[in-house]
Each structure stands twice: as C-alpha cells, then as structure tokens.
file protein_21.txt (compact mmCIF, C-alpha atoms and all ligand atoms)
# COMPACT_ATOMS: atom_id res chain seq x y z
CA MET A 1 0.00 0.00 0.00
CA ILE A 2 2.73 2.47 1.03
CA GLN A 3 4.68 1.32 -1.96
CA ASP A 4 1.71 2.13 -4.23
CA LYS A 5 1.46 5.61 -2.72
CA LEU A 6 5.17 6.20 -3.19
CA LYS A 7 4.90 5.01 -6.77
CA LYS A 8 2.08 7.45 -7.38
CA ILE A 9 4.14 10.36 -6.03
CA TYR A 10 7.14 9.26 -8.05
CA TYR A 11 5.20 9.02 -11.32
CA GLY A 12 3.26 12.19 -10.52
CA ARG A 13 6.50 14.15 -10.30
CA GLN A 14 7.81 12.84 -13.58
CA ILE A 15 4.57 13.01 -15.55
CA HIS A 16 3.23 16.51 -15.53
CA ASP A 17 2.17 19.40 -17.75
CA ASN A 18 4.27 22.56 -17.60
CA ASP A 19 3.07 25.96 -16.53
CA LEU A 20 2.23 27.56 -19.86
CA LYS A 21 2.19 31.14 -18.63
CA LYS A 22 5.83 31.98 -19.31
CA ILE A 23 7.08 33.00 -22.73
CA LEU A 24 10.19 30.90 -23.32
CA CYS A 25 10.96 31.07 -27.00
CA ILE A 26 11.11 33.56 -29.87
CA ARG A 27 11.00 32.37 -33.46
CA TYR A 28 12.55 35.18 -35.44
CA THR A 29 12.48 35.32 -39.24
CA MET A 30 15.43 37.64 -39.86
CA THR A 31 14.53 38.47 -43.45
CA TRP A 32 12.26 37.21 -46.22
CA ARG A 33 15.01 37.85 -48.78
CA CYS A 34 16.63 34.77 -50.28
CA ASN A 35 19.14 34.17 -53.06
CA PHE A 36 18.06 30.56 -53.79
CA LYS A 37 15.20 29.42 -55.99
CA CYS A 38 14.12 26.29 -54.17
CA ALA A 39 11.56 24.08 -55.86
CA SER A 40 9.62 23.79 -52.60
CA CYS A 41 9.48 27.47 -51.70
CA ASN A 42 8.47 30.76 -53.29
CA ILE A 43 9.68 33.27 -50.70
CA TRP A 44 12.22 34.51 -53.26
CA ASN A 45 9.38 35.22 -55.69
CA ASN A 46 6.79 36.62 -53.29
CA GLU A 47 6.31 40.34 -53.95
CA SER A 48 3.74 40.75 -51.20
CA LEU A 49 6.15 40.00 -48.33
CA PRO A 50 7.42 43.18 -46.60
CA HIS A 51 11.15 43.72 -47.10
CA ASP A 52 11.78 46.40 -44.48
CA ASP A 53 13.72 44.50 -41.81
CA ILE A 54 13.87 45.72 -38.20
CA ASN A 55 17.36 46.54 -36.86
CA SER A 56 19.29 45.98 -33.64
CA LYS A 57 17.95 49.21 -32.09
CA ASP A 58 14.37 47.96 -32.61
CA ILE A 59 15.41 44.73 -30.89
CA ASP A 60 16.93 46.58 -27.92
CA LYS A 61 13.64 48.44 -27.47
CA PHE A 62 11.40 45.40 -27.88
CA ALA A 63 13.50 43.34 -25.44
CA LYS A 64 12.72 45.65 -22.53
CA SER A 65 9.38 43.91 -21.90
CA VAL A 66 9.19 42.11 -18.54
CA LEU A 67 7.13 39.42 -20.25
CA LEU A 68 10.28 38.38 -22.11
CA LYS A 69 12.51 37.89 -19.06
CA ASP A 70 12.30 34.06 -19.21
CA ILE A 71 13.28 33.66 -22.87
CA ASN A 72 15.68 30.71 -23.07
CA GLU A 73 15.49 29.82 -26.74
CA ILE A 74 15.76 31.87 -29.94
CA ILE A 75 15.18 30.19 -33.28
CA LEU A 76 16.39 32.10 -36.33
CA SER A 77 15.37 31.51 -39.90
CA GLY A 78 14.62 33.27 -43.19
CA GLY A 79 14.74 33.75 -46.18
CA GLU A 80 18.48 33.49 -45.84
CA PRO A 81 19.58 35.10 -42.54
CA ILE A 82 23.18 35.78 -43.55
CA LEU A 83 22.13 37.94 -46.50
CA ARG A 84 21.77 40.64 -43.88
CA ASP A 85 24.97 42.68 -43.59
CA ASP A 86 24.07 43.40 -39.96
CA PHE A 87 23.64 39.69 -39.11
CA PRO A 88 26.29 39.74 -36.30
CA ASP A 89 24.88 42.98 -34.83
CA ILE A 90 21.40 41.49 -34.61
CA ILE A 91 22.63 38.30 -32.96
CA LEU A 92 24.80 40.24 -30.50
CA SER A 93 21.86 42.48 -29.63
CA LEU A 94 19.63 39.45 -29.02
CA HIS A 95 22.32 37.89 -26.83
CA ARG A 96 22.85 41.08 -24.84
CA ASN A 97 19.13 41.35 -24.14
CA PHE A 98 18.27 37.65 -23.70
CA SER A 99 21.42 36.38 -22.03
CA LYS A 100 19.87 33.03 -20.97
CA ALA A 101 18.81 32.14 -24.51
CA LYS A 102 20.46 29.49 -26.65
CA PHE A 103 20.30 29.96 -30.41
CA SER A 104 19.33 27.75 -33.34
CA ILE A 105 19.51 28.69 -36.99
CA THR A 106 19.01 27.26 -40.47
CA LEU A 107 21.10 28.54 -43.40
CA ASN A 108 21.15 27.65 -47.08
CA GLY A 109 24.95 27.55 -47.04
CA TYR A 110 25.42 29.69 -50.16
CA ASN A 111 28.58 31.47 -48.96
CA PRO A 112 30.83 29.50 -46.57
CA GLU A 113 33.36 32.31 -46.00
CA ARG A 114 30.74 34.96 -45.28
CA ALA A 115 29.00 32.62 -42.80
CA HIS A 116 32.32 31.77 -41.13
CA ASN A 117 33.34 35.44 -40.82
CA PHE A 118 29.99 36.35 -39.24
CA PHE A 119 30.06 33.49 -36.73
CA LYS A 120 33.70 34.25 -35.91
CA ARG A 121 32.92 37.89 -35.12
CA ILE A 122 30.02 36.80 -32.90
CA LYS A 123 32.26 34.33 -31.06
CA ASP A 124 34.99 36.94 -30.57
CA GLU A 125 32.53 39.45 -29.11
CA ALA A 126 30.31 37.03 -27.18
CA PRO A 127 32.27 33.86 -26.33
CA ASP A 128 29.51 32.69 -23.98
CA LEU A 129 26.80 32.70 -26.69
CA GLU A 130 25.65 29.10 -27.35
CA TRP A 131 24.55 27.78 -30.73
CA ASP A 132 22.30 24.86 -29.83
CA LEU A 133 21.84 23.88 -33.46
CA ILE A 134 23.17 25.12 -36.78
CA GLY A 135 21.26 23.56 -39.68
CA ILE A 136 22.49 23.69 -43.26
CA SER A 137 19.96 22.69 -45.92
CA LEU A 138 20.95 19.60 -47.89
CA ASN A 139 18.42 17.71 -50.01
CA GLY A 140 20.56 14.90 -51.43
CA PRO A 141 23.66 14.31 -53.58
CA LYS A 142 24.94 17.10 -55.84
CA GLU A 143 22.52 16.79 -58.81
CA VAL A 144 19.47 16.31 -56.58
CA HIS A 145 20.41 19.10 -54.17
CA ASP A 146 21.37 21.67 -56.85
CA LYS A 147 18.17 20.98 -58.78
CA SER A 148 15.90 21.23 -55.74
CA ARG A 149 17.63 24.46 -54.60
CA GLY A 150 17.69 26.04 -58.08
CA VAL A 151 21.38 27.10 -57.87
CA LYS A 152 24.39 25.34 -59.40
CA GLY A 153 27.25 24.74 -56.96
CA SER A 154 24.99 24.96 -53.92
CA PHE A 155 25.89 21.41 -52.86
CA GLU A 156 29.63 22.13 -52.53
CA ASN A 157 28.95 25.39 -50.70
CA ALA A 158 26.47 23.79 -48.29
CA VAL A 159 28.97 21.06 -47.39
CA LYS A 160 31.82 23.56 -46.94
CA THR A 161 29.62 25.83 -44.79
CA ALA A 162 28.66 22.91 -42.54
CA GLU A 163 32.29 21.91 -42.11
CA LEU A 164 33.46 25.45 -41.35
CA LEU A 165 30.69 26.10 -38.81
CA LYS A 166 31.55 22.99 -36.75
CA GLU A 167 33.95 25.31 -34.96
CA PHE A 168 31.01 27.19 -33.41
CA SER A 169 28.55 24.50 -32.30
CA PRO A 170 28.69 20.87 -31.18
CA CYS A 171 25.49 20.36 -33.16
CA VAL A 172 25.81 21.14 -36.87
CA HIS A 173 23.23 19.25 -38.93
CA PHE A 174 22.20 18.85 -42.51
CA SER A 175 18.57 19.88 -42.70
CA PHE A 176 16.76 17.57 -45.16
CA THR A 177 13.44 18.65 -46.68
CA PHE A 178 11.46 15.64 -47.92
CA LEU A 179 9.95 16.20 -51.36
CA LYS A 180 8.53 13.75 -53.84
CA GLU A 181 11.74 14.14 -55.93
CA ASN A 182 14.20 13.24 -53.15
CA VAL A 183 12.46 10.66 -50.94
CA ASP A 184 15.06 8.05 -51.90
CA TYR A 185 18.02 10.17 -50.79
CA PHE A 186 17.45 10.62 -47.05
CA ASP A 187 19.60 7.59 -46.19
CA TRP A 188 22.31 8.90 -48.53
CA VAL A 189 22.36 12.23 -46.65
CA CYS A 190 22.46 10.40 -43.28
CA ASP A 191 25.49 8.33 -44.40
CA PHE A 192 27.20 11.36 -45.89
CA ALA A 193 26.65 13.37 -42.69
CA LYS A 194 28.10 10.55 -40.62
CA GLN A 195 31.28 10.53 -42.73
CA LYS A 196 31.62 14.26 -42.11
CA GLY A 197 30.94 14.02 -38.35
CA LEU A 198 27.64 15.90 -38.69
CA GLY A 199 24.01 15.18 -37.77
CA VAL A 200 20.82 15.22 -39.86
CA HIS A 201 17.34 16.43 -39.10
CA ILE A 202 14.15 16.37 -41.10
CA CYS A 203 12.76 19.74 -42.07
CA TRP A 204 9.06 18.94 -42.35
CA THR A 205 7.44 19.90 -45.64
CA VAL A 206 5.12 22.84 -45.11
CA MET A 207 2.25 24.06 -47.26
CA ASN A 208 1.20 27.69 -47.11
CA ASP A 209 1.33 30.73 -49.36
CA ARG A 210 5.10 31.10 -49.00
CA PHE A 211 5.76 27.60 -50.29
CA SER A 212 5.18 26.02 -53.64
CA THR A 213 4.75 22.52 -52.28
CA ASN A 214 1.50 20.72 -52.96
CA GLU A 215 -0.36 17.68 -51.63
CA LYS A 216 1.99 15.36 -53.55
CA ASP A 217 4.98 16.72 -51.63
CA LEU A 218 3.47 15.63 -48.33
CA VAL A 219 5.27 12.36 -48.84
CA PHE A 220 4.68 10.91 -45.38
CA GLN A 221 0.92 11.44 -45.45
CA ASN A 222 0.69 9.84 -48.88
CA ASN A 223 3.09 6.99 -48.56
CA PRO A 224 2.78 4.43 -45.72
CA ASP A 225 5.97 2.77 -47.08
CA LEU A 226 7.91 5.66 -45.54
CA VAL A 227 6.79 4.88 -41.98
CA PRO A 228 10.07 2.95 -41.33
CA VAL A 229 11.99 6.20 -42.04
CA LEU A 230 10.10 7.89 -39.21
CA GLU A 231 10.52 4.85 -36.97
CA ARG A 232 14.29 4.96 -37.46
CA TYR A 233 14.39 8.74 -37.03
CA SER A 234 12.44 8.50 -33.75
CA ASP A 235 14.54 5.56 -32.42
CA VAL A 236 11.37 3.64 -31.47
CA ASP A 237 13.26 0.34 -31.67
CA GLN A 238 15.22 1.39 -28.57
CA ILE A 239 12.10 1.06 -26.42
CA LYS A 240 12.29 -2.12 -24.37
CA GLU A 241 8.83 -2.65 -22.95
CA SER A 242 8.40 -3.81 -19.36
CA GLY A 243 5.05 -4.74 -17.83
CA ASN A 244 4.66 -1.20 -16.47
CA ILE A 245 3.40 1.34 -19.01
CA HIS A 246 3.98 4.38 -16.75
CA LYS A 247 7.53 3.36 -16.02
CA ASP A 248 8.21 2.81 -19.72
CA TYR A 249 6.72 6.21 -20.48
CA ILE A 250 9.11 7.88 -18.06
CA THR A 251 12.12 5.91 -19.27
CA TYR A 252 11.50 6.52 -22.99
CA LYS A 253 9.63 9.81 -22.81
CA GLN A 254 11.69 11.62 -25.48
CA ILE A 255 11.35 8.79 -27.99
CA ILE A 256 7.63 8.34 -27.25
CA LYS A 257 7.00 12.06 -27.71
CA LYS A 258 8.71 12.02 -31.11
CA ALA A 259 6.69 8.96 -32.13
CA TYR A 260 3.48 10.70 -30.98
CA LEU A 261 4.39 13.71 -33.13
CA TYR A 262 5.00 11.68 -36.29
CA ASP A 263 2.07 9.31 -35.78
CA SER A 264 -0.18 12.34 -35.32
CA ILE A 265 1.18 14.26 -38.31
CA ILE A 266 0.79 11.40 -40.77
CA ASN A 267 -2.74 10.76 -39.48
CA LYS A 268 -3.60 14.50 -39.25
CA ARG A 269 -4.49 14.29 -35.57
CA VAL A 270 -4.74 17.62 -33.69
CA MET A 271 -1.90 18.04 -31.16
CA PRO A 272 -1.17 20.65 -28.48
CA CYS A 273 0.13 23.96 -29.80
CA HIS A 274 1.32 26.68 -27.41
CA ALA A 275 1.75 29.45 -29.98
CA ALA A 276 0.98 32.86 -28.46
CA LYS A 277 1.51 31.29 -25.03
CA THR A 278 5.04 29.96 -24.61
CA PHE A 279 6.40 31.17 -27.97
CA PHE A 280 5.63 33.60 -30.77
CA HIS A 281 6.94 34.61 -34.16
CA LEU A 282 8.71 37.89 -34.83
CA ALA A 283 8.51 38.67 -38.57
CA PRO A 284 11.27 40.62 -40.39
CA ASN A 285 9.28 43.88 -40.38
CA GLY A 286 8.50 43.65 -36.63
CA ASP A 287 5.03 42.11 -36.88
CA ILE A 288 4.22 39.66 -34.08
CA PHE A 289 2.33 36.49 -35.02
CA PRO A 290 1.54 33.41 -32.89
CA CYS A 291 3.71 31.22 -35.16
CA ASN A 292 5.46 31.42 -38.53
CA PHE A 293 3.12 29.12 -40.46
CA ASP A 294 -0.19 30.92 -40.70
CA LEU A 295 0.68 34.55 -41.45
CA SER A 296 -2.76 35.79 -42.40
CA GLU A 297 -3.64 39.44 -41.61
CA ASP A 298 -6.07 38.47 -38.84
CA ARG A 299 -3.20 36.76 -36.96
CA ILE A 300 -1.06 39.90 -36.64
CA MET A 301 -0.95 40.66 -32.91
CA GLY A 302 0.86 43.99 -33.39
CA ASN A 303 4.15 45.49 -34.55
CA ILE A 304 7.12 46.19 -32.28
CA LYS A 305 7.95 49.43 -34.11
CA ILE A 306 4.51 50.78 -33.25
CA SER A 307 3.76 49.34 -29.78
CA ASP A 308 5.69 47.89 -26.88
CA PHE A 309 5.55 44.12 -26.56
CA ASP A 310 3.52 44.12 -23.30
CA THR A 311 0.73 46.06 -25.00
CA ILE A 312 0.83 43.77 -28.03
CA TRP A 313 0.64 40.63 -25.90
CA LYS A 314 -2.17 41.86 -23.69
CA ASN A 315 -4.26 42.90 -26.69
CA ALA A 316 -4.03 39.70 -28.73
CA PRO A 317 -6.87 39.36 -31.28
CA LYS A 318 -10.05 37.95 -29.76
CA GLY A 319 -10.64 34.27 -30.40
CA LEU A 320 -6.99 33.60 -31.34
CA ASP A 321 -6.43 31.44 -28.28
CA GLN A 322 -9.52 29.35 -28.96
CA ASP A 323 -8.68 29.07 -32.65
CA ILE A 324 -5.23 27.65 -31.88
CA LYS A 325 -6.57 25.34 -29.17
CA SER A 326 -9.12 23.85 -31.53
CA GLY A 327 -6.36 23.06 -34.04
CA THR A 328 -8.20 24.59 -37.00
CA CYS A 329 -4.94 26.14 -38.22
CA MET A 330 -2.87 22.99 -37.74
CA TYR A 331 -3.62 21.32 -41.04
CA PRO A 332 -4.58 24.09 -43.43
CA ASN A 333 -3.43 22.06 -46.38
CA GLY A 334 -1.62 19.18 -44.83
CA VAL A 335 0.58 20.20 -41.93
CA CYS A 336 1.96 23.39 -40.38
CA GLY A 337 5.45 21.99 -39.75
CA ASP A 338 6.79 20.22 -36.72
CA SER A 339 9.16 22.54 -34.85
CA ASP A 340 6.59 24.52 -32.88
CA ILE A 341 4.37 21.55 -32.26
CA ASN A 342 7.39 19.55 -31.14
CA ARG A 343 8.20 22.26 -28.61
CA SER A 344 4.60 22.27 -27.38
CA ILE A 345 4.56 18.50 -26.98
CA CYS A 346 7.74 18.70 -24.89
CA GLN A 347 5.82 20.92 -22.44
CA VAL A 348 2.98 18.48 -21.71
CA ASP A 349 2.55 14.82 -20.81
CA THR A 350 -1.20 14.27 -20.55
CA PRO A 351 -2.16 13.85 -24.25
CA VAL A 352 0.98 11.89 -25.05
CA LEU A 353 0.60 9.50 -22.14
CA LYS A 354 -3.07 8.87 -23.06
CA TRP A 355 -2.04 8.11 -26.65
CA TYR A 356 0.77 5.83 -25.44
CA ILE A 357 -1.46 3.89 -23.05
CA ASN A 358 -3.95 3.37 -25.87
CA LYS A 359 -1.23 2.16 -28.25
CA ARG A 360 0.04 -0.31 -25.66
CA LYS A 361 -3.40 -1.60 -24.76
CA THR A 362 -4.41 -2.08 -28.39
CA ASN A 363 -1.01 -3.53 -29.23
CA ASN A 364 -0.50 -1.16 -32.16
CA ARG A 365 2.79 0.10 -33.57
CA LEU A 366 3.67 3.58 -32.27
CA ILE A 367 3.85 5.05 -35.76
CA GLN A 368 1.42 3.69 -38.31
CA LYS A 369 -0.72 5.06 -41.09
S1 LIG B 1 -1.25 24.77 -34.90
FE1 LIG B 1 0.32 25.27 -36.43
S2 LIG B 1 -0.56 26.95 -37.63
FE2 LIG B 1 -1.73 26.78 -35.71
S3 LIG B 1 -0.75 28.23 -34.28
FE3 LIG B 1 0.16 26.23 -33.95
S4 LIG B 1 2.01 26.19 -35.25
FE4 LIG B 1 0.67 27.84 -35.99
call {"tool": "encode", "arguments": {"input": "protein_21.txt", "output": "structure tokens"}}
result
Amino acid sequence: MIQDKLKKIYYGRQIHDNDLKKILCIRYTMTWRCNFKCASCNIWNNESLPHDDINSKDIDKFAKSVLLKDINEIILSGGEPILRDDFPDIILSLHRNFSKAKFSITLNGYNPERAHNFFKRIKDEAPDLEWDLIGISLNGPKEVHDKSRGVKGSFENAVKTAELLKEFSPCVHFSFTFLKENVDYFDWVCDFAKQKGLGVHICWTVMNDRFSTNEKDLVFQNNPDLVPVLERYSDVDQIKESGNIHKDYITYKQIIKKAYLYDSIINKRVMPCHAAKTFFHLAPNGDIFPCNFDLSEDRIMGNIKISDFDTIWKNAPKGLDQDIKSGTCMYPNGVCGDSDINRSICQVDTPVLKWYINKRKTNNRLIQK
C-alpha cells in the first residue's frame, strides 16, 4: 500500500504538464530575402512580403518587456539570414538582451566564407553565446540538391559551410526537406553526414502561401511505405517494454513524444500547440504572429515598431487562443510543420501518455498510417 502511494508520487512528479504562462521562446524570421530558388518554396518570388527589416535598435527596445525575461530559446530563420549585412549585430543584440537564450539557426549555405566570418565575429565578441543547433539545408547528392535548390554549386557550398561552422557549435546538422523528388536520398544524406561528423534532421514539408509545395509533396501522409523512415528517425526500436506502461513512459519519454508527433502528423491528428503562449513569431518587419506558419492578416498581434511588446501581448486578437486550441490552423493544407508543435509536446505529458497507453493496450505500432 505504502509502496503504491510512493509510486504514485514518483510518477506524478515525472509526468506533468508545464506551466504555460511563461514566454520561453522567440522564433525570429530575420529576413524574407533569399538568393536561392528552391523548388519547394516561393519566398524569393513573393512580392507581397514586406522587405523592411527591423534593426538591432528595434530589438533593444522590444526586449525591454518584462514578459520576455524568461526567454531561453531563440530560433532564427529566413529567407536566408546571412544575406543581412548586420547579421552579427542582430545576434549580439539578441544575446545582450536575452542572455539566458540558446540559439538555433538554419542557413542555405550559399557562402561559406561569409558565414564563417559572421560566426567568428560573434564568437569573438560574445564567447559565452551558445549555438544549440546550426542547420544547413541539404536535399541529397549534388545533382538532386542543386536541382531542388535552383542554384548550381549549392551542394559544394552547403557542405563547406557545414564543415566550417563545426567550430562554433557541437550540433551542426544537414537539414533535409522531404519532397517527392528526393524521398530516396534521405539515407544517402544520413550516411554522408556521418562521414563528415555531422548530424541530420528532417525539415518537415510545409504548405502555405510562402511555399510552392503541394499535396503530392506531403510524402509521409501519402506513402505508408515511408513509416520505417520515421521509426528509425524517432529511435522507437530502442524502447524495451516492461510490464509497467507508466515506467516505460518515463524511461522513454523523449522517444515516445517524437513517435506521438509523427504518428499524429501522418494521421492528421490535432496536437497541443502553445503558440501565443510559450512562444511567438517575430517577422522581419516587426510584426508579431503566434507562429510562422499561418501569417494571415487576422493573426497579426501587433508590430514592435509601433507598440511595446507588453501592449501587443495583452491585446491579442479575440478568439486567437480558442482558434489555436481547436487546431483549426494545424492542417490548413496538410501540416503546419513540426518545430513549434514539437516544442509544445515537450511541455505536456497528458495527451501523449493517453495516446501511449492506448497504443500499448491495443497492441498497435507507435507510428502507423
Ligand atoms: S497549430 Fe500550427 S498553424 Fe496553428 S498556431 Fe500552432 S504552429 Fe501555428
């Protein structure tokens, strides 16, 4: 009896949902400008995107908000971030203002020397700044990559950039975007990365008005034969089941959460999303959105050049919270991408544990279409 009570306390402590009141992460699109012509994306061709980027002074002002004091993660993307001549100034300003935050970034790798010079300057001026992840886009071997990125020579440059940037982060990855043209090359990229001492992550195919992907590019939703790729990527074969589901959940929580994410995406199941709660998206022109997938006008919460962040946050559009909770924006055309949902899943146990218990009781594979 006492043992049961102790067990309950033990599990209770390790299975819990986080307090969702603190803002922990900023997703910052540094610019919409890009010098590639990727087959999957049309940012480079989108005239309607604003091209007036905020600067480091705007960031200094915006960062004064007390609501941002807990920020511990900043995710940078584009367009191509290093097209900005003031790239180091922006990063240094973010670091000065959000000193607890670790940084992640994805680059297209077009100019290895420029990237190296920028990262070197940042390291010289802020040796304590941590790059949690540096991703360099790579979609396959030379012919496949160059074709999908629309620029000759991009393969060699991407590889050189990844190798040069190893000096600045223990975690430099090739970022592989699955498309119908390159589904057969993921394993090739994984082997290639291993030879180079680098990692690989999947950049989930997104469909919205900034991308030129279509239903056929949602390869995982359309092709159950690719489930083993997700099983390998999630390491589900490392789970050694005991008779105790709760104990297994605690032991393999990270793997189970990844499996929950992929099983839900391929089956279009609504998952938790904490956009406009624990994270938000800062667009290049200073607009604040809940996330960087649905950028419709009615989702603009405000602009940091016009209002201070506290005012913007407190006056979020009515119904936004409910809209996100109901998941109506999660699958506008297929999927909204995994990075923000992944972060949200990491903050809660309840829905994942329920899903896991059901999988175990029905004896189903964790990821299946
Ligand atoms: S569910 Fe997707 S589209 Fe909706 S707010 Fe979350 S990340 Fe954005």
call {"tool": "residues_around", "arguments": {"input": "protein_21.txt", "residues": "Asp146 in chain A", "least_positions_apart": "5", "cutoff": "10 Å", "atoms": "all atoms listed in the file", "output": "ChimeraX atom specification"}}
result
/A:36-38,138-141,151-156
call {"tool": "residues_near_ligand", "arguments": {"input": "protein_21.txt", "ligand": "ligand LIG 1 (chain B)", "cutoff": "8 Å", "atoms": "only C-alpha atoms and all ligand atoms", "output": "PDB file with C-alpha atoms, in the coordinates of the input"}}
result
ATOM      1  CA  MET A 271      -1.900  18.040 -31.160  1.00  0.00           C
ATOM      2  CA  PRO A 272      -1.170  20.650 -28.480  1.00  0.00           C
ATOM      3  CA  CYS A 273       0.130  23.960 -29.800  1.00  0.00           C
ATOM      4  CA  HIS A 274       1.320  26.680 -27.410  1.00  0.00           C
ATOM      5  CA  ALA A 275       1.750  29.450 -29.980  1.00  0.00           C
ATOM      6  CA  ALA A 276       0.980  32.860 -28.460  1.00  0.00           C
ATOM      7  CA  PRO A 290       1.540  33.410 -32.890  1.00  0.00           C
ATOM      8  CA  CYS A 291       3.710  31.220 -35.160  1.00  0.00           C
ATOM      9  CA  ASN A 292       5.460  31.420 -38.530  1.00  0.00           C
ATOM     10  CA  PHE A 293       3.120  29.120 -40.460  1.00  0.00           C
ATOM     11  CA  ASP A 294      -0.190  30.920 -40.700  1.00  0.00           C
ATOM     12  CA  ASP A 323      -8.680  29.070 -32.650  1.00  0.00           C
ATOM     13  CA  ILE A 324      -5.230  27.650 -31.880  1.00  0.00           C
ATOM     14  CA  LYS A 325      -6.570  25.340 -29.170  1.00  0.00           C
ATOM     15  CA  GLY A 327      -6.360  23.060 -34.040  1.00  0.00           C
ATOM     16  CA  THR A 328      -8.200  24.590 -37.000  1.00  0.00           C
ATOM     17  CA  CYS A 329      -4.940  26.140 -38.220  1.00  0.00           C
ATOM     18  CA  MET A 330      -2.870  22.990 -37.740  1.00  0.00           C
ATOM     19  CA  TYR A 331      -3.620  21.320 -41.040  1.00  0.00           C
ATOM     20  CA  PRO A 332      -4.580  24.090 -43.430  1.00  0.00           C
ATOM     21  CA  VAL A 335       0.580  20.200 -41.930  1.00  0.00           C
ATOM     22  CA  CYS A 336       1.960  23.390 -40.380  1.00  0.00           C
ATOM     23  CA  GLY A 337       5.450  21.990 -39.750  1.00  0.00           C
ATOM     24  CA  ASP A 338       6.790  20.220 -36.720  1.00  0.00           C
ATOM     25  CA  ASP A 340       6.590  24.520 -32.880  1.00  0.00           C
ATOM     26  CA  ILE A 341       4.370  21.550 -32.260  1.00  0.00           C
TER      27      ILE A 341
END
call {"tool": "residues_around", "arguments": {"input": "protein_21.txt", "residues": "Asn55 in chain A", "least_positions_apart": "2", "cutoff": "12 Å", "atoms": "all atoms listed in the file", "output": "PyMOL selection string"}}
result
chain A and resi 30-31+52-53+57-62+84-94+283-286+304-305
call {"tool": "closest_residue", "arguments": {"input": "protein_21.txt", "among": "A:Asn35, A:Asn267, A:Thr362, A:Thr177", "to": "His145 in chain A", "atoms": "only C-alpha atoms"}}
result
A:Thr177
call {"tool": "residues_around", "arguments": {"input": "protein_21.txt", "residues": "range 230-246 of chain A", "least_positions_apart": "2", "cutoff": "9 Å", "atoms": "all atoms listed in the file", "output": "list in words"}}
result
Tyr11, Ile15, His201, Ile202, Phe220, Leu226, Val227, Pro228, Asp248, Tyr249, Ile250, Thr251, Tyr252, Gln254, Ile255, Ile256, Lys257, Lys258, Ala259, Tyr262, Asp263, Leu353, Tyr356, Ile357, Arg360, Leu366 and Ile367 of chain A
call {"tool": "closest_residue", "arguments": {"input": "protein_21.txt", "among": "A:Asn157, A:Thr278, A:Ser99, A:Gln3", "to": "Ser344 in chain A", "atoms": "all atoms listed in the file"}}
result
A:Thr278
call {"tool": "residues_around", "arguments": {"input": "protein_21.txt", "residues": "range 162-170 of chain A", "least_positions_apart": "5", "cutoff": "10 Å", "atoms": "only C-alpha atoms", "output": "PyMOL selection string"}}
result
chain A and resi 104+107-109+112-113+115-117+119-120+122-123+127+129-138+157+193+196-199
call {"tool": "atom_distance", "arguments": {"input": "protein_21.txt", "atom1": "CA of Arg114 in chain A", "atom2": "CA of Ile71 in chain A"}}
result
28.4 Å
call {"tool": "atom_distance", "arguments": {"input": "protein_21.txt", "atom1": "CA of Lys216 in chain A", "atom2": "CA of Ser40 in chain A"}}
result
11.4 Å
call {"tool": "axis_aligned_box", "arguments": {"input": "protein_21.txt", "around": "range 241-248 of chain A", "padding_each_side": "6 Å", "output": "JSON"}}
result
{"center_x": 6.1, "center_y": -0.2, "center_z": -19.5, "size_x": 17.4, "size_y": 21.1, "size_z": 18.9}
call {"tool": "atom_distance", "arguments": {"input": "protein_21.txt", "atom1": "CA of Asn45 in chain A", "atom2": "CA of Phe118 in chain A"}}
result
26.4 Å
call {"tool": "closest_residue", "arguments": {"input": "protein_21.txt", "among": "A:Leu83, A:Val172, A:Ala39, A:Ala126", "to": "Val144 in chain A", "atoms": "only C-alpha atoms"}}
result
A:Ala39
call {"tool": "closest_residue", "arguments": {"input": "protein_21.txt", "among": "A:Ile74, A:Cys346, A:Lys247, A:Val219", "to": "Gly12 in chain A", "atoms": "only C-alpha atoms"}}
result
A:Lys247
call {"tool": "decode", "arguments": {"input": "protein_21.txt", "residues": "range 17-44 of chain A", "atoms": "C-alpha atoms", "output": "PDB file, in the first residue's frame"}}
result
ATOM      1  CA  ASP A  17       2.168  19.397 -17.750  1.00  0.00           C
ATOM      2  CA  ASN A  18       4.274  22.557 -17.598  1.00  0.00           C
ATOM      3  CA  ASP A  19       3.066  25.956 -16.527  1.00  0.00           C
ATOM      4  CA  LEU A  20       2.233  27.564 -19.862  1.00  0.00           C
ATOM      5  CA  LYS A  21       2.193  31.140 -18.628  1.00  0.00           C
ATOM      6  CA  LYS A  22       5.828  31.983 -19.310  1.00  0.00           C
ATOM      7  CA  ILE A  23       7.084  33.004 -22.735  1.00  0.00           C
ATOM      8  CA  LEU A  24      10.189  30.902 -23.318  1.00  0.00           C
ATOM      9  CA  CYS A  25      10.959  31.066 -26.999  1.00  0.00           C
ATOM     10  CA  ILE A  26      11.112  33.564 -29.867  1.00  0.00           C
ATOM     11  CA  ARG A  27      11.002  32.374 -33.463  1.00  0.00           C
ATOM     12  CA  TYR A  28      12.554  35.176 -35.438  1.00  0.00           C
ATOM     13  CA  THR A  29      12.484  35.320 -39.237  1.00  0.00           C
ATOM     14  CA  MET A  30      15.432  37.643 -39.855  1.00  0.00           C
ATOM     15  CA  THR A  31      14.533  38.474 -43.454  1.00  0.00           C
ATOM     16  CA  TRP A  32      12.261  37.210 -46.221  1.00  0.00           C
ATOM     17  CA  ARG A  33      15.012  37.846 -48.778  1.00  0.00           C
ATOM     18  CA  CYS A  34      16.634  34.767 -50.283  1.00  0.00           C
ATOM     19  CA  ASN A  35      19.135  34.166 -53.060  1.00  0.00           C
ATOM     20  CA  PHE A  36      18.062  30.564 -53.786  1.00  0.00           C
ATOM     21  CA  LYS A  37      15.195  29.418 -55.991  1.00  0.00           C
ATOM     22  CA  CYS A  38      14.117  26.288 -54.171  1.00  0.00           C
ATOM     23  CA  ALA A  39      11.561  24.078 -55.858  1.00  0.00           C
ATOM     24  CA  SER A  40       9.616  23.793 -52.599  1.00  0.00           C
ATOM     25  CA  CYS A  41       9.483  27.475 -51.702  1.00  0.00           C
ATOM     26  CA  ASN A  42       8.470  30.755 -53.289  1.00  0.00           C
ATOM     27  CA  ILE A  43       9.675  33.272 -50.696  1.00  0.00           C
ATOM     28  CA  TRP A  44      12.218  34.515 -53.262  1.00  0.00           C
TER      29      TRP A  44
END
